[in-house]
Structure formats: C-alpha cells, structure tokens
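*Asks:* Have a peek at target-v1.cif (mmCIF, C-alpha atoms).
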```cif
data_structure
loop_
_atom_site.group_PDB
_atom_site.id
_atom_site.type_symbol
_atom_site.label_atom_id
_atom_site.label_comp_id
_atom_site.auth_asym_id
_atom_site.auth_seq_id
_atom_site.Cartn_x
_atom_site.Cartn_y
_atom_site.Cartn_z
ATOM 1 C CA MET D 1 35.601 108.489 52.935
ATOM 2 C CA GLN D 2 37.328 107.685 49.673
ATOM 3 C CA TYR D 3 38.338 110.630 47.497
ATOM 4 C CA GLY D 4 36.251 109.346 44.603
ATOM 5 C CA VAL D 5 33.132 109.112 46.775
ATOM 6 C CA LYS D 6 33.539 112.709 47.931
ATOM 7 C CA GLN D 7 34.056 113.966 44.381
ATOM 8 C CA LYS D 8 30.942 112.125 43.173
ATOM 9 C CA ILE D 9 28.850 113.664 45.949
ATOM 10 C CA LEU D 10 30.183 117.148 45.166
ATOM 11 C CA GLU D 11 29.549 116.621 41.456
ATOM 12 C CA ASP D 12 25.933 115.510 42.008
ATOM 13 C CA PHE D 13 25.488 118.328 44.523
ATOM 14 C CA THR D 14 26.743 120.919 42.020
ATOM 15 C CA ASN D 15 24.608 119.531 39.191
ATOM 16 C CA LEU D 16 21.433 119.802 41.268
ATOM 17 C CA LEU D 17 22.277 123.364 42.304
ATOM 18 C CA GLN D 18 22.682 124.236 38.619
ATOM 19 C CA ILE D 19 19.389 122.535 37.716
ATOM 20 C CA LYS D 20 17.659 124.581 40.427
ATOM 21 C CA ARG D 21 19.236 127.723 38.879
ATOM 22 C CA TYR D 22 21.405 128.798 41.784
ATOM 23 C CA ALA D 23 23.791 131.654 40.983
ATOM 24 C CA PRO D 24 27.429 130.646 40.233
ATOM 25 C CA SER D 25 28.624 132.479 43.349
ATOM 26 C CA SER D 26 26.088 130.607 45.503
ATOM 27 C CA ILE D 27 27.151 127.292 43.971
ATOM 28 C CA ARG D 28 30.805 127.988 44.803
ATOM 29 C CA SER D 29 29.882 128.990 48.345
ATOM 30 C CA TYR D 30 27.669 125.933 48.951
ATOM 31 C CA LYS D 31 30.210 123.578 47.405
ATOM 32 C CA ASN D 32 33.008 124.935 49.597
ATOM 33 C CA ALA D 33 30.818 124.603 52.701
ATOM 34 C CA LEU D 34 29.854 121.030 51.870
ATOM 35 C CA SER D 35 33.473 120.106 51.176
ATOM 36 C CA GLN D 36 34.418 121.279 54.683
ATOM 37 C CA PHE D 37 31.570 119.246 56.152
ATOM 38 C CA LEU D 38 32.612 116.079 54.300
ATOM 39 C CA ASP D 39 36.256 116.536 55.301
ATOM 40 C CA ALA D 40 35.214 116.605 58.952
ATOM 41 C CA PHE D 41 34.075 112.957 58.649
ATOM 42 C CA PRO D 42 36.868 111.243 56.661
ATOM 43 C CA ASN D 43 35.920 107.727 57.770
ATOM 44 C CA LYS D 44 32.170 108.005 57.440
ATOM 45 C CA HIS D 45 29.732 108.211 54.549
ATOM 46 C CA PRO D 46 27.562 111.346 54.994
ATOM 47 C CA GLU D 47 24.345 109.286 54.772
ATOM 48 C CA ASN D 48 25.384 107.718 58.074
ATOM 49 C CA ILE D 49 26.084 110.995 59.870
ATOM 50 C CA SER D 50 23.564 111.717 62.615
ATOM 51 C CA ILE D 51 21.990 115.086 63.476
ATOM 52 C CA GLN D 52 23.912 114.981 66.766
ATOM 53 C CA GLU D 53 27.168 114.687 64.819
ATOM 54 C CA ILE D 54 26.129 117.618 62.613
ATOM 55 C CA GLU D 55 25.512 119.629 65.790
ATOM 56 C CA SER D 56 28.981 118.696 67.077
ATOM 57 C CA PHE D 57 30.531 119.713 63.741
ATOM 58 C CA LEU D 58 28.903 123.162 63.891
ATOM 59 C CA HIS D 59 29.828 123.604 67.542
ATOM 60 C CA ALA D 60 33.475 122.880 66.721
ATOM 61 C CA LYS D 61 33.407 125.381 63.859
ATOM 62 C CA ILE D 62 32.013 128.077 66.152
ATOM 63 C CA ALA D 63 34.186 127.307 69.182
ATOM 64 C CA GLN D 64 37.466 126.540 67.427
ATOM 65 C CA ASN D 65 37.304 128.450 64.152
ATOM 66 C CA ASN D 66 35.150 131.361 65.363
ATOM 67 C CA ILE D 67 33.054 131.350 62.192
ATOM 68 C CA SER D 68 30.605 134.210 61.652
ATOM 69 C CA ALA D 69 26.841 133.833 62.009
ATOM 70 C CA SER D 70 26.426 134.297 58.261
ATOM 71 C CA TYR D 71 28.904 131.523 57.496
ATOM 72 C CA GLN D 72 27.146 129.316 60.028
ATOM 73 C CA LYS D 73 23.918 129.847 58.066
ATOM 74 C CA ASN D 74 25.754 128.995 54.855
ATOM 75 C CA LEU D 75 27.048 125.710 56.282
ATOM 76 C CA ILE D 76 23.594 124.699 57.506
ATOM 77 C CA ALA D 77 21.996 125.608 54.174
ATOM 78 C CA ALA D 78 24.541 123.470 52.264
ATOM 79 C CA ILE D 79 24.030 120.514 54.621
ATOM 80 C CA LEU D 80 20.244 120.794 54.349
ATOM 81 C CA PHE D 81 20.480 120.921 50.569
ATOM 82 C CA LEU D 82 22.534 117.724 50.558
ATOM 83 C CA TYR D 83 20.187 115.726 52.760
ATOM 84 C CA ASN D 84 16.767 117.146 51.931
ATOM 85 C CA ASP D 85 17.052 118.271 48.305
ATOM 86 C CA MET D 86 19.555 115.768 46.974
ATOM 87 C CA TRP D 87 18.826 112.688 49.071
ATOM 88 C CA ARG D 88 15.143 113.432 49.796
ATOM 89 C CA LYS D 89 15.508 113.068 53.549
ATOM 90 C CA LYS D 90 13.597 115.170 56.058
ATOM 91 C CA TYR D 91 16.306 116.521 58.318
ATOM 92 C CA GLN D 92 15.167 119.285 60.666
ATOM 93 C CA LEU D 93 18.093 121.622 61.315
ATOM 94 C CA LYS D 94 16.374 124.969 61.796
ATOM 95 C CA HIS D 95 17.235 124.857 65.498
ATOM 96 C CA LEU D 96 20.900 125.173 64.520
ATOM 97 C CA TYR D 97 20.506 128.566 62.873
ATOM 98 C CA PRO D 98 21.785 131.484 65.011
ATOM 99 C CA ASP D 99 19.015 133.184 66.996
ATOM 100 C CA ARG D 100 20.883 136.475 67.108
ATOM 101 C CA MET D 101 22.635 137.614 63.981
ATOM 102 C CA GLN D 102 25.783 139.720 64.206
ATOM 103 C CA LEU D 103 25.084 143.261 63.100
ATOM 104 C CA LYS D 104 28.085 144.835 61.417
ATOM 105 C CA LEU D 105 27.691 148.275 59.951
ATOM 106 C CA PRO D 106 28.964 148.542 56.367
ATOM 107 C CA LEU D 107 31.952 150.732 55.619
ATOM 108 C CA VAL D 108 30.832 153.869 53.821
ATOM 109 C CA LEU D 109 33.037 156.273 51.890
ATOM 110 C CA SER D 110 32.213 159.969 51.594
ATOM 111 C CA THR D 111 31.413 161.416 48.171
ATOM 112 C CA GLU D 112 34.787 163.171 48.263
ATOM 113 C CA GLU D 113 36.564 159.883 48.946
ATOM 114 C CA VAL D 114 34.699 158.109 46.131
ATOM 115 C CA GLN D 115 35.726 160.879 43.752
ATOM 116 C CA LYS D 116 39.372 160.593 44.823
ATOM 117 C CA ILE D 117 39.318 156.821 44.345
ATOM 118 C CA ILE D 118 37.841 156.975 40.844
ATOM 119 C CA GLN D 119 40.034 159.898 39.796
ATOM 120 C CA SER D 120 43.173 158.108 41.004
ATOM 121 C CA CYS D 121 42.749 155.508 38.228
ATOM 122 C CA ASN D 122 44.904 156.449 35.244
ATOM 123 C CA ASN D 123 43.598 153.542 33.161
ATOM 124 C CA ILE D 124 40.192 154.444 31.680
ATOM 125 C CA LYS D 125 38.962 150.839 31.944
ATOM 126 C CA HIS D 126 39.747 150.770 35.666
ATOM 127 C CA LYS D 127 38.066 154.139 36.105
ATOM 128 C CA ALA D 128 34.982 152.989 34.163
ATOM 129 C CA ILE D 129 34.620 149.798 36.212
ATOM 130 C CA LEU D 130 34.723 151.554 39.592
ATOM 131 C CA ALA D 131 32.484 154.373 38.330
ATOM 132 C CA THR D 132 29.924 151.863 37.039
ATOM 133 C CA ILE D 133 29.784 149.999 40.356
ATOM 134 C CA TYR D 134 29.299 153.218 42.337
ATOM 135 C CA SER D 135 27.000 154.921 39.865
ATOM 136 C CA ALA D 136 24.508 152.035 39.803
ATOM 137 C CA GLY D 137 25.147 150.520 43.238
ATOM 138 C CA LEU D 138 26.157 147.197 41.708
ATOM 139 C CA ARG D 139 27.513 144.034 43.247
ATOM 140 C CA LEU D 140 30.872 143.162 41.678
ATOM 141 C CA SER D 141 29.407 140.118 39.898
ATOM 142 C CA GLU D 142 26.598 142.277 38.470
ATOM 143 C CA CYS D 143 29.114 144.715 37.019
ATOM 144 C CA LEU D 144 31.222 141.979 35.431
ATOM 145 C CA ASN D 145 28.124 140.294 33.964
ATOM 146 C CA LEU D 146 27.038 143.474 32.166
ATOM 147 C CA THR D 147 26.943 143.224 28.391
ATOM 148 C CA ILE D 148 27.060 146.081 25.919
ATOM 149 C CA LYS D 149 23.336 145.584 25.235
ATOM 150 C CA ASP D 150 22.540 146.149 28.913
ATOM 151 C CA ILE D 151 23.448 149.839 28.562
ATOM 152 C CA ASP D 152 20.312 151.544 27.216
ATOM 153 C CA SER D 153 21.403 155.065 26.279
ATOM 154 C CA GLN D 154 18.012 155.858 24.739
ATOM 155 C CA ARG D 155 16.083 155.295 27.972
ATOM 156 C CA MET D 156 19.106 156.084 30.176
ATOM 157 C CA LEU D 157 18.848 152.780 32.000
ATOM 158 C CA ILE D 158 21.134 149.879 32.893
ATOM 159 C CA LYS D 159 19.627 146.400 32.893
ATOM 160 C CA ILE D 160 20.908 144.042 35.589
ATOM 161 C CA THR D 161 20.173 140.515 34.364
ATOM 162 C CA GLN D 162 19.635 137.414 36.527
ATOM 163 C CA SER D 163 21.233 138.855 39.614
ATOM 164 C CA LYS D 164 20.983 137.515 43.161
ATOM 165 C CA GLY D 165 17.751 135.548 43.453
ATOM 166 C CA ASN D 166 17.637 135.201 39.639
ATOM 167 C CA LYS D 167 15.923 138.567 39.269
ATOM 168 C CA ASP D 168 16.288 141.277 36.635
ATOM 169 C CA ARG D 169 16.116 144.944 37.532
ATOM 170 C CA LEU D 170 16.650 148.371 35.988
ATOM 171 C CA VAL D 171 18.745 151.176 37.449
ATOM 172 C CA PRO D 172 19.278 154.737 36.173
ATOM 173 C CA LEU D 173 22.192 155.406 33.828
ATOM 174 C CA SER D 174 24.209 158.448 34.863
ATOM 175 C CA LYS D 175 25.021 160.977 32.133
ATOM 176 C CA ASN D 176 28.582 161.200 33.419
ATOM 177 C CA LEU D 177 28.894 157.423 33.357
ATOM 178 C CA LEU D 178 27.537 157.195 29.809
ATOM 179 C CA HIS D 179 30.119 159.736 28.641
ATOM 180 C CA LEU D 180 32.893 157.799 30.402
ATOM 181 C CA LEU D 181 31.735 154.455 28.991
ATOM 182 C CA ARG D 182 31.618 155.831 25.439
ATOM 183 C CA ASN D 183 35.195 157.086 25.724
ATOM 184 C CA TYR D 184 36.241 153.768 27.237
ATOM 185 C CA TRP D 185 34.579 151.730 24.474
ATOM 186 C CA LYS D 186 36.254 153.776 21.723
ATOM 187 C CA ILE D 187 39.573 152.489 23.045
ATOM 188 C CA TYR D 188 38.743 148.880 24.001
ATOM 189 C CA LYS D 189 35.853 148.063 21.620
ATOM 190 C CA THR D 190 34.637 145.059 23.622
ATOM 191 C CA LYS D 191 32.443 142.601 21.721
ATOM 192 C CA HIS D 192 30.059 141.116 24.280
ATOM 193 C CA TYR D 193 30.723 141.928 27.920
ATOM 194 C CA LEU D 194 31.016 145.599 28.792
ATOM 195 C CA PHE D 195 34.303 144.831 30.564
ATOM 196 C CA GLU D 196 36.413 142.041 29.101
ATOM 197 C CA GLY D 197 39.802 140.562 29.907
ATOM 198 C CA GLN D 198 42.840 140.831 27.644
ATOM 199 C CA LYS D 199 41.906 137.569 25.921
ATOM 200 C CA GLY D 200 38.192 138.338 25.812
ATOM 201 C CA GLY D 201 35.569 136.872 28.101
ATOM 202 C CA LYS D 202 34.471 138.188 31.460
ATOM 203 C CA TYR D 203 36.847 140.440 33.385
ATOM 204 C CA SER D 204 38.369 138.948 36.537
ATOM 205 C CA SER D 205 36.783 139.822 39.896
ATOM 206 C CA ARG D 206 40.175 139.522 41.588
ATOM 207 C CA SER D 207 41.575 142.096 39.178
ATOM 208 C CA VAL D 208 38.824 144.542 40.135
ATOM 209 C CA GLN D 209 39.545 144.035 43.843
ATOM 210 C CA ASN D 210 43.216 144.779 43.136
ATOM 211 C CA ILE D 211 42.252 147.873 41.134
ATOM 212 C CA PHE D 212 40.213 149.150 44.067
ATOM 213 C CA LYS D 213 42.964 148.484 46.615
ATOM 214 C CA SER D 214 45.477 150.276 44.435
ATOM 215 C CA ALA D 215 43.117 153.231 43.944
ATOM 216 C CA LEU D 216 42.460 153.401 47.683
ATOM 217 C CA LYS D 217 46.197 153.610 48.315
ATOM 218 C CA LYS D 218 46.788 156.222 45.604
ATOM 219 C CA ALA D 219 43.942 158.327 46.998
ATOM 220 C CA ASN D 220 45.621 158.138 50.427
ATOM 221 C CA ILE D 221 42.461 156.764 52.048
ATOM 222 C CA ARG D 222 43.228 154.559 55.033
ATOM 223 C CA LYS D 223 39.808 152.964 55.446
ATOM 224 C CA GLU D 224 39.785 149.162 55.086
ATOM 225 C CA GLY D 225 37.291 149.105 52.220
ATOM 226 C CA THR D 226 36.561 146.671 49.406
ATOM 227 C CA VAL D 227 34.870 147.097 46.042
ATOM 228 C CA HIS D 228 31.561 146.375 47.804
ATOM 229 C CA SER D 229 32.101 149.574 49.808
ATOM 230 C CA LEU D 230 31.174 151.489 46.648
ATOM 231 C CA ARG D 231 27.728 149.814 46.674
ATOM 232 C CA HIS D 232 27.313 150.605 50.381
ATOM 233 C CA SER D 233 28.336 154.204 49.714
ATOM 234 C CA TYR D 234 25.886 154.542 46.810
ATOM 235 C CA ALA D 235 22.970 153.426 49.010
ATOM 236 C CA THR D 236 23.976 155.656 51.908
ATOM 237 C CA HIS D 237 24.482 158.702 49.695
ATOM 238 C CA LEU D 238 21.040 158.182 48.137
ATOM 239 C CA LEU D 239 19.517 158.019 51.604
ATOM 240 C CA GLU D 240 21.315 161.192 52.661
ATOM 241 C CA CYS D 241 19.900 162.952 49.600
ATOM 242 C CA GLY D 242 16.380 162.119 50.782
ATOM 243 C CA THR D 243 15.656 159.117 48.530
ATOM 244 C CA ASP D 244 12.847 156.932 49.845
ATOM 245 C CA ILE D 245 14.146 153.725 51.444
ATOM 246 C CA ARG D 246 11.743 151.631 49.324
ATOM 247 C CA ILE D 247 13.210 153.075 46.127
ATOM 248 C CA ILE D 248 16.711 152.274 47.370
ATOM 249 C CA GLN D 249 15.534 148.713 48.098
ATOM 250 C CA VAL D 250 14.425 148.312 44.469
ATOM 251 C CA LEU D 251 17.606 149.861 43.069
ATOM 252 C CA LEU D 252 19.803 147.543 45.139
ATOM 253 C CA GLY D 253 17.710 144.482 44.348
ATOM 254 C CA HIS D 254 17.042 143.651 47.997
ATOM 255 C CA LYS D 255 14.301 141.122 48.611
ATOM 256 C CA ASN D 256 13.666 142.327 52.165
ATOM 257 C CA ILE D 257 13.403 145.959 53.252
ATOM 258 C CA LYS D 258 15.225 145.018 56.479
ATOM 259 C CA THR D 259 18.393 144.470 54.445
ATOM 260 C CA THR D 260 18.161 148.015 53.084
ATOM 261 C CA GLN D 261 17.401 149.562 56.469
ATOM 262 C CA ILE D 262 20.969 148.906 57.614
ATOM 263 C CA TYR D 263 21.899 152.087 55.712
ATOM 264 C CA THR D 264 19.735 154.205 57.987
ATOM 265 C CA GLN D 265 22.258 153.393 60.715
ATOM 266 C CA VAL D 266 25.258 154.666 58.763
ATOM 267 C CA SER D 267 23.694 157.750 57.210
ATOM 268 C CA ASN D 268 25.244 160.986 58.461
ATOM 269 C CA SER D 269 22.280 163.218 57.596
ATOM 270 C CA ALA D 270 20.291 162.495 60.750
ATOM 271 C CA ILE D 271 23.280 161.957 63.035
ATOM 272 C CA GLN D 272 24.935 165.264 62.159
ATOM 273 C CA LYS D 273 21.736 167.188 62.993
ATOM 274 C CA LEU D 274 21.583 165.828 66.522
ATOM 275 C CA HIS D 275 22.119 168.224 69.380
ATOM 276 C CA ILE D 276 25.002 166.982 71.538
ATOM 277 C CA PRO D 277 24.358 167.603 75.280
ATOM 278 C CA LEU D 278 28.057 168.196 75.969
ATOM 279 C CA ASP D 279 27.857 171.362 73.865
ATOM 280 C CA ASP D 280 25.507 172.870 76.503
ATOM 281 C CA LEU D 281 28.182 172.630 79.181
ATOM 282 C CA HIS D 282 30.621 175.421 79.980
ATOM 283 C CA ILE D 283 33.913 173.589 80.122
ATOM 284 C CA LEU D 284 37.454 174.513 79.264
ATOM 285 C CA VAL D 285 38.661 172.861 76.094
ATOM 286 C CA SER D 286 42.207 174.181 76.215
ATOM 287 C CA PRO D 287 44.886 173.035 78.710
#
```
Could you show the structure in this file as structure tokens?
*Replies:*
Amino acid sequence: MQYGVKQKILEDFTNLLQIKRYAPSSIRSYKNALSQFLDAFPNKHPENISIQEIESFLHAKIAQNNISASYQKNLIAAILFLYNDMWRKKYQLKHLYPDRMQLKLPLVLSTEEVQKIIQSCNNIKHKAILATIYSAGLRLSECLNLTIKDIDSQRMLIKITQSKGNKDRLVPLSKNLLHLLRNYWKIYKTKHYLFEGQKGGKYSSRSVQNIFKSALKKANIRKEGTVHSLRHSYATHLLECGTDIRIIQVLLGHKNIKTTQIYTQVSNSAIQKLHIPLDDLHILVSP
C-alpha cells in the first residue's frame, strides 16, 4: 500500500471519529490500532482484505506479540469502525472478541502511602495535581481537562466535563483540596485550565506521570504504581469506609457496575476480618 493511500485512510478515519464525538484518547488509540493493521498488509488495499486474513492478523498478534485481551478488543473495534462505519460494509467480527477476559487486580496504595506520595512533592503545583486526582478519583485526562470554573467552592463540587463516554458528572470537593488549590492558584494564577504548562495551555500528561514516579521514589514506596493507582486507591478506600458500591460507580463515572465491582476484590476491610484456619493450629513458629 502506498504511503499516501494509508495516510488518506487514517485521515478519513480520524475525521469520522471526531464527527461521532469520540474522546481524543480513544481517537489516538483507534488510530494507532488501525495503523498497525494497515502495516500488516503493505501490498494490499484494506478493502480487499478478507475476514480470514483479519483472523490471521489477530492470531499473529496474540501468538507472536502476546497482546492483552483488552488490546485485542481495541484492534477489533478499530477494524470494525473502518469497515462498517466508514465504508458501510457489514463485517461480522464479534466471534473474534475474547470469550474470557483477563482479570488483573488494580494496584492499590494505602492511605498512609498516598499521604507520603503527596507530601513528598515540594512543588505546590505537583502536590495539587496528585491531590486532585486522589481526592476526586479522577482519570489523568479528567484532571488535566479541569478548568478554573469547574471548581465550585460554593456548592463544594467539582464538575467533570465530557469525560469517557462524553458524560458530565459531579464529585465532592474536599475542604483540604480547596485550601490547597487556593494556595496553589495564588502562586500560578492560571487563566483557563486549572493546571497549565509553562507556556499556558493544558499541562502535559507525561509530566504528571513523571511527577508521580518521582514522588513514589521519594516516598520510598516500591510498588509499581502509576498515576491511575491514585484513582484505584480512592475507590478502594471509599469502599473500605462503607460507601455503597453504586455511589462509587457514579463518582467514578463507570457505565457498568461490573467495572466498579473489581474494587470489592482488593478491599482489605472484608479480607482482614476473615478467620484464618491456620491460627487454630498449635504449631511452633520459632526454630
């Protein structure tokens, strides 16, 4: 396939995703997946690729590249969008979706670890960013999309606008966070976004990931966490405090309650109360 042909397909593909109001992160993900698919058939126009060849492509990705089940779903979704949404074909590829999804428990930090991480930030902007993500259980993109107007100090609410699934939601505004944000704003005086880069505009997501990694190291925490671990920790800590799972679902912006229920498997509150049968045995614990 000629380079120009591929670029035209990707351009039309991206334009249609934007028209259908897909989130920027979803557009990037779909575009990357489609690019990999097109590269797998350098001498063939995608309109001439058969379903059997698509199956072979996915099999190679699974067998050779060991892609995850979630990435497999992403590839199939991008391919379906190309053929069925963009080219109005009627490809049936549902049989290629994984029947059994991989279940990976999210990494959760303790409240003490979260405090150490936030406190390890000497820069008040860095501290405010991590505190905001944890305090409201935000995705990184949601935090960086926050504007000054989204912080409602009168009603003590934070408005999350056009998040995943193009939905708005409201989450409680912590008193401690409001105090921190006011002190932060007195120094930086941002004009539109709550957190802006040195030259204005939206703050970089990569910078926030680096801030978190640095804070993790300074706090001497050896867990392999990411910024998203703060969101996982927020949900788990709410659950451990007795918050109803349906309320947590709303706060996180989950469409399906099954997504939220993953946190019931990482909550310590129920696990720590279990009676361990080994403790009933009379055994020597010292050499």
*Asks:* Which neighbours of Val208 of chain D fall inside 8 Å, counting all atoms listed in the file, when residues of the same chain fewer than 5 positions from it are skipped, and could you give them as a PyMOL selection string?
*Replies:* chain D and resi 126+129+227
*Asks:* Written as a list in words, what is the full residue list that the PyMOL selection byres ((chain D and resi 92) around 12) yields on the file shown?
*Replies:*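 What the PyMOL selection byres ((chain D and resi 92) around 12) grabs from the file is Ser50, Ile51, Gln52, Ile54, Glu55, Ile76, Ala77, Ile79, Leu80, Phe81, Tyr83, Asn84, Lys89, Lys90, Tyr91, Leu93, Lys94, His95, Leu96 and Tyr97 of chain D.
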*Asks:* Enter the distance from atom CA of Leu238 of chain D to atom CA of Thr226 of chain D, in Å, rounded to one decimal.
*Replies:*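 Atom-to-atom, atom CA of Leu238 of chain D and atom CA of Thr226 of chain D are spaced 19.4 Å apart.
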*Asks:* I'd like to know which of D:Asn74, D:Ala40, D:Ser174, D:Trp87 is closest to Asp12 of chain D, using all atoms listed in the file.
*Replies:*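 Using all atoms listed in the file, the shortest distance to Asp12 of chain D belongs to D:Trp87.
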*Asks:* What does the PyMOL selection byres ((chain D and resi 110) around 10) select in this file, as a list of chain:residue names?
*Replies:*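 Listing what the PyMOL selection byres ((chain D and resi 110) around 10) selects in the shown file: D:Val108, D:Leu109, D:Thr111, D:Glu112, D:Glu113, D:Val114, D:Gln115, D:Lys116, D:Leu230, D:Ser233, D:Tyr234, D:Thr236, D:His237, D:Asn268.
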*Asks:* Box for segment 230-243 of chain D - axis-aligned, 5 Å on each of the six sides, all listed atoms - centre and size in Å to one decimal, as JSON.
*Replies:*
```
{"center_x": 23.4, "center_y": 156.4, "center_z": 49.7, "size_x": 25.5, "size_y": 23.1, "size_z": 16.0}
```
*Asks:* Given the PyMOL selection byres ((chain D and resi 177) around 8) and the file above, list the residues it selects as a list of chain:residue names.
*Replies:*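 This file gives the following for the PyMOL selection byres ((chain D and resi 177) around 8): D:Ala128, D:Ala131, D:Thr132, D:Ser135, D:Leu173, D:Ser174, D:Lys175, D:Asn176, D:Leu178, D:His179, D:Leu180, D:Leu181.
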*Asks:* Skip Gly201 of chain D itself and residues of its chain fewer than 3 positions away, then list as a ChimeraX atom specification all residues within 10 Å of it, counting only C-alpha atoms.
*Replies:* /D:144,190-198,204
*Asks:* Just to be explicit: take each residue in the selection above, keep C-alpha atoms, and write the result as a tab-separated table (two decimals), in the frame of the given file.
*Replies:*
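Below is the file that was written, result-v6.tsv:
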```
chain	number	residue	atom	x	y	z
D	144	LEU	CA	31.22	141.98	35.43
D	190	THR	CA	34.64	145.06	23.62
D	191	LYS	CA	32.44	142.60	21.72
D	192	HIS	CA	30.06	141.12	24.28
D	193	TYR	CA	30.72	141.93	27.92
D	194	LEU	CA	31.02	145.60	28.79
D	195	PHE	CA	34.30	144.83	30.56
D	196	GLU	CA	36.41	142.04	29.10
D	197	GLY	CA	39.80	140.56	29.91
D	198	GLN	CA	42.84	140.83	27.64
D	204	SER	CA	38.37	138.95	36.54
```
*Asks:* What is the atom CA of Leu130 of chain D to atom CA of Ala215 of chain D distance in Å?
*Replies:* 9.6 Å
*Asks:* Atom CA of Lys213 of chain D and atom CA of Ile133 of chain D are how many Å apart?
*Replies:*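 If I compute the distance from atom CA of Lys213 of chain D to atom CA of Ile133 of chain D, I get 14.7 Å.
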*Asks:* Out of D:Ala69, D:Ile117, D:Leu239, D:Leu75, which residue has the shortest atom-to-atom distance to Thr264 of chain D when counting all atoms listed in the file?
*Replies:*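 When distances to Thr264 of chain D are compared using all atoms listed in the file, the smallest one comes from D:Leu239.
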*Asks:* Let me make sure I understand: among D:Ala235, D:Ala219, D:Ile262, D:Leu252, which one has the smallest atom-to-atom distance to Glu142 of chain D if we use all atoms listed in the file?
*Replies:*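 Checking each of D:Ala235, D:Ala219, D:Ile262, D:Leu252 against Glu142 of chain D, counting all atoms listed in the file, the winner is D:Leu252.
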*Asks:* Point out the residue among D:Lys167, D:Thr161, D:His228, D:Leu10 with the least atom-to-atom distance to Gln36 of chain D, counting all atoms listed in the file.
*Replies:*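 Checking each of D:Lys167, D:Thr161, D:His228, D:Leu10 against Gln36 of chain D, counting all atoms listed in the file, the winner is D:Leu10.
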*Asks:* Let me make sure I understand: among D:Ser120, D:Leu34, D:Gln18, D:Leu157, which one has the smallest atom-to-atom distance to Asn220 of chain D if we use all atoms listed in the file?
*Replies:*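 Distance minimum relative to Asn220 of chain D lands on D:Ser120.
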*Asks:* Counting all atoms listed in the file, which residues sit no farther than 12 Å from the position (17.7, 144.5, 46.4) in the file's frame? I'd like them as an MDAnalysis selection string.
*Replies:* chainID D and resid 137:139 160 163:171 231 235 245:261
*Asks:* Which residue out of D:Ala63, D:Ile118, D:Leu82, D:Ile49 has the minimum interatomic distance to Lys217 of chain D when only C-alpha atoms are used?
*Replies:*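 Among D:Ala63, D:Ile118, D:Leu82, D:Ile49, it is D:Ile118 that comes nearest to Lys217 of chain D.
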*Asks:* Could you add N, CA and C atoms to segment 8-21 of chain D and give me the result as a short mmCIF file (atom, residue, chain, number, x, y, z; two decimals), keeping the file's coordinate frame?
*Replies:*
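Okay, this is what ended up in part.cif:
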```cif
data_model
loop_
_atom_site.label_atom_id
_atom_site.label_comp_id
_atom_site.auth_asym_id
_atom_site.auth_seq_id
_atom_site.Cartn_x
_atom_site.Cartn_y
_atom_site.Cartn_z
N LYS D 8 32.23 112.46 43.78
CA LYS D 8 30.94 112.12 43.17
C LYS D 8 29.80 112.86 43.87
N ILE D 9 29.88 112.94 45.20
CA ILE D 9 28.85 113.66 45.95
C ILE D 9 28.86 115.14 45.57
N LEU D 10 30.07 115.73 45.52
CA LEU D 10 30.18 117.15 45.17
C LEU D 10 29.72 117.41 43.74
N GLU D 11 29.98 116.47 42.85
CA GLU D 11 29.55 116.62 41.46
C GLU D 11 28.03 116.59 41.36
N ASP D 12 27.40 115.60 42.02
CA ASP D 12 25.93 115.51 42.01
C ASP D 12 25.31 116.73 42.69
N PHE D 13 25.94 117.16 43.76
CA PHE D 13 25.49 118.33 44.52
C PHE D 13 25.50 119.57 43.63
N THR D 14 26.59 119.77 42.91
CA THR D 14 26.74 120.92 42.02
C THR D 14 25.73 120.86 40.88
N ASN D 15 25.55 119.69 40.30
CA ASN D 15 24.61 119.53 39.19
C ASN D 15 23.19 119.91 39.61
N LEU D 16 22.79 119.49 40.81
CA LEU D 16 21.43 119.80 41.27
C LEU D 16 21.28 121.30 41.54
N LEU D 17 22.31 121.91 42.09
CA LEU D 17 22.28 123.36 42.30
C LEU D 17 22.10 124.10 40.98
N GLN D 18 22.79 123.62 39.95
CA GLN D 18 22.68 124.24 38.62
C GLN D 18 21.29 124.02 38.03
N ILE D 19 20.74 122.83 38.21
CA ILE D 19 19.39 122.54 37.72
C ILE D 19 18.36 123.46 38.38
N LYS D 20 18.58 123.72 39.68
CA LYS D 20 17.66 124.58 40.43
C LYS D 20 17.98 126.07 40.24
N ARG D 21 18.92 126.36 39.32
CA ARG D 21 19.24 127.72 38.88
C ARG D 21 19.84 128.60 39.98
#
```
